[in-house]
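Enquirer: This is the structure I want to talk about, given as structure tokens.
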Amino acid sequence: MISVKSFEFNYFSVNTYILYDETGAAVLIDCGCFRREEEKELKEFVKERELTIEHLLCTHLHLDHVFGNDFADRAYGLSPRAHKADVEMLPSPQEQAKLFGIQDRIRSVPISSYLLSNEVIKFGISEIVVRPVPGHSPGSVIFYSRKDGFAIVGDTIFSGSIGRTDLWGGNHDVLVAAIKDKVLSLPDETILYPGHGPATHVLDERLNNPFL
Ligand SMILES: [Zn+2]
Ligand SMILES: [Zn+2]
């Protein structure tokens, strides 16, 4: 069974997730740690649970979701994977930082390989599936586990809200259609873990989300 641990990191209060199962195999998603204390918090959790992180995955390549890729590379030798559309259409993290008025030095880590639609990512005795949900960014994806009844949804949908579409390659109509097709079609009780804010359920969003 997959356990989900969330951390809240950096200027943008991004949710970083570690998924792990009883074998100790783990996946790191949207590594947003930025300050030393944040790196330490993540590191200590991994050490305490004796986890082996096998994959570094990005729901999309907005700055707040990739701040910690440099750290993940240094600490665990991980190289990030993301969807091709974000790699090709989004400015580099340094350029994004400038636009957000962030002065800190950011080292970007090259994407090692592209995440594919319906690709199955295995770790330990578990697996998650990649589902593209474009609109917040052109290459946004979610990671879904049917067996364990959850999805890591990045900035596509939030509790009571949806992702902004005014950034590079964003498209409101595309986002709403993709959420309806790929997220709200999941079983009612599926837990959605977004890139910011609290977790929610498919049924709650289908009934109550004012943007859908
Ligand atoms: Zn975003
Ligand atoms: Zn975000």
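Every chain in the structure tokens takes a letter, A first, then B, and so on in the order presented; its residues are numbered from 1, and the ligands are numbered from 1 following the presented order.
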When you look at segment 119-134 of chain A with a cut-off of 10 Å (counting only C-alpha atoms), what residues show up, excluding the ones that are within fewer than 3 positions of it in the same chain? I need them as a ChimeraX atom specification.
Expert: /A:1-2,19-27,52-55,57,59-60,83,85-86,115-116,137-148,150-157,169-172,174-183
Enquirer: For Glu189 of chain A, list every protein, DNA or RNA residue within 10 Å, evaluated using only C-alpha atoms, and leave out those in the same chain fewer than 6 positions away; present the list as number ranges by chain.
Expert: A: 149-150, 200-204
Enquirer: Within 10 Å of ligand 2, counting only C-alpha atoms and all ligand atoms, which protein or nucleic acid residues do you find, written as a PDB file with C-alpha atoms, in the first residue's frame?
Expert:
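What follows is the written file selection21.pdb:
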```pdb
ATOM      1  CA  PHE A  12       4.818  29.765  -2.747  1.00  0.00           C
ATOM      2  CA  SER A  13       3.751  27.199  -0.114  1.00  0.00           C
ATOM      3  CA  VAL A  14       4.058  24.366  -2.575  1.00  0.00           C
ATOM      4  CA  ASN A  15       3.156  20.829  -1.539  1.00  0.00           C
ATOM      5  CA  ASP A  30       7.457  18.342  -7.035  1.00  0.00           C
ATOM      6  CA  GLY A  32      10.039  22.346  -3.735  1.00  0.00           C
ATOM      7  CA  THR A  59       3.627  17.531 -12.212  1.00  0.00           C
ATOM      8  CA  HIS A  60       4.733  20.566 -14.233  1.00  0.00           C
ATOM      9  CA  LEU A  61       7.697  22.913 -14.485  1.00  0.00           C
ATOM     10  CA  HIS A  62       6.572  26.116 -12.775  1.00  0.00           C
ATOM     11  CA  LEU A  63       9.295  27.513 -10.584  1.00  0.00           C
ATOM     12  CA  ASP A  64       7.694  26.665  -7.237  1.00  0.00           C
ATOM     13  CA  HIS A  65       7.562  22.968  -8.133  1.00  0.00           C
ATOM     14  CA  VAL A  66      11.215  22.643  -9.181  1.00  0.00           C
ATOM     15  CA  HIS A 136      -2.575  25.278 -16.194  1.00  0.00           C
ATOM     16  CA  GLY A 154      -0.276  19.436  -9.181  1.00  0.00           C
ATOM     17  CA  ASP A 155      -1.868  22.814  -9.954  1.00  0.00           C
ATOM     18  CA  THR A 156      -4.706  21.466 -12.112  1.00  0.00           C
ATOM     19  CA  GLY A 163      -5.194  26.336 -11.521  1.00  0.00           C
ATOM     20  CA  ARG A 164      -4.501  29.796 -12.930  1.00  0.00           C
ATOM     21  CA  PRO A 194      -2.970  19.287  -5.003  1.00  0.00           C
ATOM     22  CA  GLY A 195       0.170  21.375  -5.430  1.00  0.00           C
ATOM     23  CA  HIS A 196      -1.073  23.944  -2.903  1.00  0.00           C
TER      24      HIS A 196
END
```
Enquirer: To one decimal in Å, tell me the separation between atom CA of Pro93 of chain A and atom CA of Pro80 of chain A.
Expert: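 Those two atoms sit 13.4 Å apart.
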Enquirer: Could you pull out all residues of segment 61-185 of chain A with a DSSP call of strand (DSSP E) and give them as a compact mmCIF listing (two decimals) with N, CA and C atoms, in the first residue's frame?
Expert:
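Now in out17.txt:
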```txt
# COMPACT_ATOMS: atom_id res chain seq x y z
N PRO A 80 15.32 14.92 -12.65
CA PRO A 80 13.87 15.08 -12.75
C PRO A 80 13.29 14.64 -14.09
N ARG A 81 12.04 14.19 -14.04
CA ARG A 81 11.30 13.85 -15.25
C ARG A 81 10.06 14.73 -15.33
N ALA A 82 9.72 15.15 -16.54
CA ALA A 82 8.55 16.01 -16.74
C ALA A 82 8.01 15.78 -18.14
N SER A 113 14.34 12.70 -18.75
CA SER A 113 13.52 12.04 -19.77
C SER A 113 12.09 12.50 -19.63
N TYR A 114 11.32 12.36 -20.69
CA TYR A 114 9.95 12.86 -20.69
C TYR A 114 8.98 11.85 -20.09
N VAL A 120 3.38 3.92 -16.88
CA VAL A 120 3.28 3.36 -15.53
C VAL A 120 4.64 3.51 -14.86
N ILE A 121 4.66 4.17 -13.71
CA ILE A 121 5.91 4.34 -12.97
C ILE A 121 5.89 3.39 -11.78
N LYS A 122 6.87 2.50 -11.75
CA LYS A 122 6.90 1.47 -10.71
C LYS A 122 7.93 1.81 -9.64
N PHE A 123 7.60 1.51 -8.40
CA PHE A 123 8.57 1.59 -7.30
C PHE A 123 8.14 0.56 -6.26
N SER A 126 4.68 -1.15 -5.91
CA SER A 126 3.60 -0.21 -6.21
C SER A 126 3.79 0.42 -7.58
N GLU A 127 2.74 1.09 -8.04
CA GLU A 127 2.85 1.83 -9.30
C GLU A 127 1.84 2.97 -9.34
N ILE A 128 2.20 3.99 -10.11
CA ILE A 128 1.31 5.12 -10.38
C ILE A 128 1.32 5.34 -11.89
N VAL A 129 0.24 5.94 -12.38
CA VAL A 129 0.11 6.15 -13.83
C VAL A 129 0.12 7.65 -14.13
N VAL A 130 0.78 8.00 -15.23
CA VAL A 130 0.87 9.40 -15.66
C VAL A 130 -0.34 9.72 -16.55
N ARG A 131 -1.08 10.78 -16.18
CA ARG A 131 -2.20 11.23 -17.02
C ARG A 131 -2.03 12.72 -17.31
N PRO A 132 -1.86 13.11 -18.56
CA PRO A 132 -1.77 14.54 -18.87
C PRO A 132 -3.09 15.25 -18.59
N VAL A 141 0.75 17.20 -15.69
CA VAL A 141 0.28 15.82 -15.57
C VAL A 141 -0.16 15.57 -14.14
N ILE A 142 -0.98 14.52 -13.97
CA ILE A 142 -1.28 14.02 -12.63
C ILE A 142 -0.74 12.59 -12.53
N PHE A 143 -0.53 12.15 -11.29
CA PHE A 143 -0.06 10.79 -11.05
C PHE A 143 -1.16 10.06 -10.27
N TYR A 144 -1.65 8.97 -10.84
CA TYR A 144 -2.85 8.32 -10.31
C TYR A 144 -2.57 6.89 -9.85
N SER A 145 -3.09 6.54 -8.69
CA SER A 145 -3.08 5.15 -8.22
C SER A 145 -4.52 4.70 -8.05
N PHE A 150 -5.95 7.41 -4.99
CA PHE A 150 -5.56 8.82 -4.87
C PHE A 150 -4.89 9.29 -6.15
N ALA A 151 -4.80 10.60 -6.29
CA ALA A 151 -4.03 11.20 -7.38
C ALA A 151 -3.30 12.43 -6.87
N ILE A 152 -2.05 12.58 -7.34
CA ILE A 152 -1.27 13.80 -7.08
C ILE A 152 -1.56 14.71 -8.27
N VAL A 153 -2.23 15.84 -8.04
CA VAL A 153 -2.80 16.57 -9.18
C VAL A 153 -2.11 17.89 -9.52
N GLY A 154 -1.00 18.20 -8.84
CA GLY A 154 -0.28 19.44 -9.18
C GLY A 154 -1.18 20.65 -9.07
N ILE A 157 -6.18 21.23 -10.19
CA ILE A 157 -7.39 21.46 -9.39
C ILE A 157 -6.97 21.57 -7.93
N PHE A 158 -7.68 22.46 -7.20
CA PHE A 158 -7.45 22.61 -5.76
C PHE A 158 -8.79 22.41 -5.06
N SER A 161 -11.15 25.18 -6.05
CA SER A 161 -10.60 26.09 -7.07
C SER A 161 -9.91 25.29 -8.17
N ILE A 162 -9.41 26.01 -9.17
CA ILE A 162 -8.63 25.36 -10.22
C ILE A 162 -7.37 26.19 -10.48
```
Enquirer: Could you state the separation of atom CA of Gly135 of chain A and atom CA of Thr165 of chain A in Å, given to one decimal place?
Expert: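 Those two atoms sit 6.6 Å apart.
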Enquirer: Identify, on the basis of only C-alpha atoms, every residue whose closest approach to Arg107 of chain A does not exceed 7 Å; exclude the query and any residue fewer than 2 positions from it along the same chain; express the result as a CSV table (one decimal) with N, CA and C atoms, in the first residue's frame.
Expert:
```csv
chain,number,residue,atom,x,y,z
A,70,ASP,N,17.6,20.7,-7.6
A,70,ASP,CA,19.1,20.8,-7.4
A,70,ASP,C,19.5,20.0,-6.1
A,105,ARG,N,19.7,32.8,-6.2
A,105,ARG,CA,20.3,32.0,-7.3
A,105,ARG,C,19.6,30.7,-7.4
A,109,VAL,N,18.1,22.0,-13.1
A,109,VAL,CA,18.6,20.7,-13.4
A,109,VAL,C,17.9,20.2,-14.6
```
Enquirer: Return the single residue from A:Val87, A:Cys58, A:Ile106, A:Leu99 that is closest to ligand 1, with distances computed using only C-alpha atoms and all ligand atoms.
Expert: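 Nearest to ligand 1: A:Cys58.
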Enquirer: Find the residue from A:Ala199, A:Cys33, A:Val4, A:Leu90 that sits nearest to ligand 1; use only C-alpha atoms and all ligand atoms when measuring.
Expert: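 For ligand 1, the nearest of the given residues is A:Leu90.
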Enquirer: Would you mind telling me which residue in A:Leu167, A:Phe211, A:Gly197, A:Glu95 lies nearest to ligand 1 when using only C-alpha atoms and all ligand atoms?
Expert: A:Leu167
Enquirer: Quick one: of A:Phe71, A:Trp168, A:Phe34, A:Tyr193, who's nearest to ligand 1, counting only C-alpha atoms and all ligand atoms?
Expert: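 Distance minimum relative to ligand 1 lands on A:Trp168.
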Enquirer: Using only C-alpha atoms, which of A:Phe45, A:Phe67, A:Tyr17, A:Phe7 sits nearest Asp104 of chain A?
Expert: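 With only C-alpha atoms as the atom set, the closest residue is A:Phe67.
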Enquirer: May I ask which of the residues A:Asp166, A:Glu39, A:Thr190, A:Gln103 is the closest one to ligand 1, counting only C-alpha atoms and all ligand atoms?
Expert: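 The answer is A:Asp166, which sits nearest to ligand 1.
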Enquirer: Could you pull out the helix (DSSP H, G or I) residues of segment 78-199 of chain A from DSSP and send them as a PyMOL selection string?
Expert: chain A and resi 84-89+93-99+172-182
Enquirer: Measure the distance from atom CA of Leu78 of chain A to atom CA of Ile191 of chain A in Å and round it to one decimal.
Expert: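 Computing the Euclidean distance for atom CA of Leu78 of chain A and atom CA of Ile191 of chain A yields 27.1 Å.
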